[in-house]
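To keep things clear, I will list the structure first and then write my remarks on it.
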Amino acid sequence: PRSSVANIRLGRARWAEERVAQWYVQHGFVVLAKNWTIRGGELDVVVRRGALLVICEVKARVNNDFGSALEAMTDEKIRRVRRTGFEFLRSLEETGLTVRFDVATVTGVHLEMFHDAF
């Protein structure tokens, strides 16, 4: 069973992912997936507007006491998200799409978007 701290963190992460998905919808995107998982990877939020497919990694923190949420994007995490993102793209069986990788950070209740982050 998960500890209460783990449950709190998971709840915060899910809340942040929902907030990010809503931000994209407000900016004209359609949400294709949230928490899309394959072996070895997960995509937090996948949205689309026309031929643009955006894969967004969401990082949530209560505060920056232990480093910023953006600093959690290690080289390994970037590789995993890219690999999983291209698997998602292949699953669409569609050509002509442009893929962009964003990072969204939620610190407390402050949302910050980093477009084309990697």
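Starting from 1 in every chain, residues are counted up; chains themselves are A, B, ... following the order of the structure tokens, and ligands are numbered from 1 as listed.
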Neighbouring residues of region 94-105 of chain A were defined as those with any atom within 7 Å, considering only C-alpha atoms; residues of the same chain fewer than 2 positions away were excluded. Please report them as a short mmCIF file (atom, residue, chain, number, x, y, z; two decimals) with C-alpha atoms, in the first residue's frame.
```cif
data_model
loop_
_atom_site.label_atom_id
_atom_site.label_comp_id
_atom_site.auth_asym_id
_atom_site.auth_seq_id
_atom_site.Cartn_x
_atom_site.Cartn_y
_atom_site.Cartn_z
CA ALA A 51 -1.13 19.22 -37.40
CA LEU A 52 0.68 20.13 -34.16
CA LEU A 53 1.00 17.35 -31.59
CA VAL A 54 2.26 18.51 -28.20
CA ILE A 55 3.59 16.12 -25.59
CA CYS A 56 3.79 17.84 -22.24
CA GLU A 57 5.66 16.59 -19.20
CA VAL A 58 4.13 18.02 -16.03
CA LYS A 59 6.24 18.65 -12.94
CA ALA A 60 4.52 19.68 -9.71
CA ALA A 69 10.31 21.53 -10.84
CA LEU A 70 12.10 22.20 -14.13
CA LEU A 92 -1.74 7.43 -34.43
CA THR A 107 4.85 25.28 -8.05
CA LEU A 111 1.60 27.33 -13.59
CA GLU A 112 4.48 28.04 -15.94
CA MET A 113 4.68 26.67 -19.49
CA PHE A 114 7.93 25.95 -21.33
CA HIS A 115 7.17 25.37 -25.02
CA ASP A 116 9.58 23.37 -27.17
CA ALA A 117 11.57 22.58 -24.04
CA PHE A 118 13.59 19.75 -25.55
#
```
Review point. Do you know which residues are at most 10 Å from Gly40 (chain A) counting only C-alpha atoms, after dropping those on the same chain fewer than 2 positions away, and could you put them as a ChimeraX atom specification?
Key: /A:37-38,42,80-81,83-84
Could you take the residues named above and write them with C-alpha atoms, as a PDB file, in the first residue's frame?
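Okay, this is what ended up in part37.pdb:
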```pdb
ATOM      1  CA  THR A  37       1.534   4.495 -20.591  1.00  0.00           C
ATOM      2  CA  ILE A  38       3.619   1.910 -22.357  1.00  0.00           C
ATOM      3  CA  GLU A  42       4.413   7.493 -19.496  1.00  0.00           C
ATOM      4  CA  ARG A  80      12.238   8.482 -21.855  1.00  0.00           C
ATOM      5  CA  VAL A  81       9.604  11.105 -22.702  1.00  0.00           C
ATOM      6  CA  ARG A  83      10.960   7.729 -26.837  1.00  0.00           C
ATOM      7  CA  THR A  84       7.460   7.305 -25.410  1.00  0.00           C
TER       8      THR A  84
END
```
Point to revise | Contact residues around Val25 (chain A) with only C-alpha atoms at 10 Å, ignoring same-chain residues under 5 positions, as a list in words | key: Arg19, Val20, Val30, Val31, Val47, Arg48 and Arg49 of chain A
Practice item. Name the residues of chain A that come out as helix (DSSP H, G or I) in a backbone DSSP run; write them as a ChimeraX atom specification. Key: /A:4-26,70-72,75-92
Practice item. Write out as a ChimeraX atom specification each polymer residue whose atoms come within 12 Å of Ile8 (chain A), counting only C-alpha atoms; drop sequence neighbours fewer than 6 positions from it. Key: /A:2,14-15,60-62
Based on the selection just made, write N, CA, C and O atoms of those residues as a PDB file, in the first residue's frame.
```pdb
ATOM      1  N   ARG A   2       0.332   2.294  -0.624  1.00  0.00           N
ATOM      2  CA  ARG A   2       1.052   3.572  -0.670  1.00  0.00           C
ATOM      3  C   ARG A   2       0.991   4.269   0.685  1.00  0.00           C
ATOM      4  O   ARG A   2      -0.008   4.194   1.387  1.00  0.00           O
ATOM      5  N   ARG A  14      -1.720  14.589 -10.207  1.00  0.00           N
ATOM      6  CA  ARG A  14      -2.940  14.461 -11.027  1.00  0.00           C
ATOM      7  C   ARG A  14      -3.655  15.811 -11.133  1.00  0.00           C
ATOM      8  O   ARG A  14      -4.160  16.157 -12.203  1.00  0.00           O
ATOM      9  N   TRP A  15      -3.702  16.559 -10.052  1.00  0.00           N
ATOM     10  CA  TRP A  15      -4.319  17.888 -10.072  1.00  0.00           C
ATOM     11  C   TRP A  15      -3.567  18.796 -11.043  1.00  0.00           C
ATOM     12  O   TRP A  15      -4.174  19.510 -11.846  1.00  0.00           O
ATOM     13  N   ALA A  60       5.214  18.947 -10.762  1.00  0.00           N
ATOM     14  CA  ALA A  60       4.522  19.685  -9.714  1.00  0.00           C
ATOM     15  C   ALA A  60       5.329  19.639  -8.420  1.00  0.00           C
ATOM     16  O   ALA A  60       5.857  18.584  -8.051  1.00  0.00           O
ATOM     17  N   ARG A  61       5.391  20.767  -7.772  1.00  0.00           N
ATOM     18  CA  ARG A  61       6.091  20.884  -6.494  1.00  0.00           C
ATOM     19  C   ARG A  61       5.282  21.807  -5.585  1.00  0.00           C
ATOM     20  O   ARG A  61       4.643  22.749  -6.056  1.00  0.00           O
ATOM     21  N   VAL A  62       5.366  21.569  -4.300  1.00  0.00           N
ATOM     22  CA  VAL A  62       4.733  22.458  -3.329  1.00  0.00           C
ATOM     23  C   VAL A  62       5.488  23.784  -3.300  1.00  0.00           C
ATOM     24  O   VAL A  62       4.900  24.860  -3.265  1.00  0.00           O
TER      25      VAL A  62
END
```
Check your understanding: Per DSSP on the backbone, what are the strand (DSSP E or B) residues of chain A, as a count of residues only?
Key -> 43
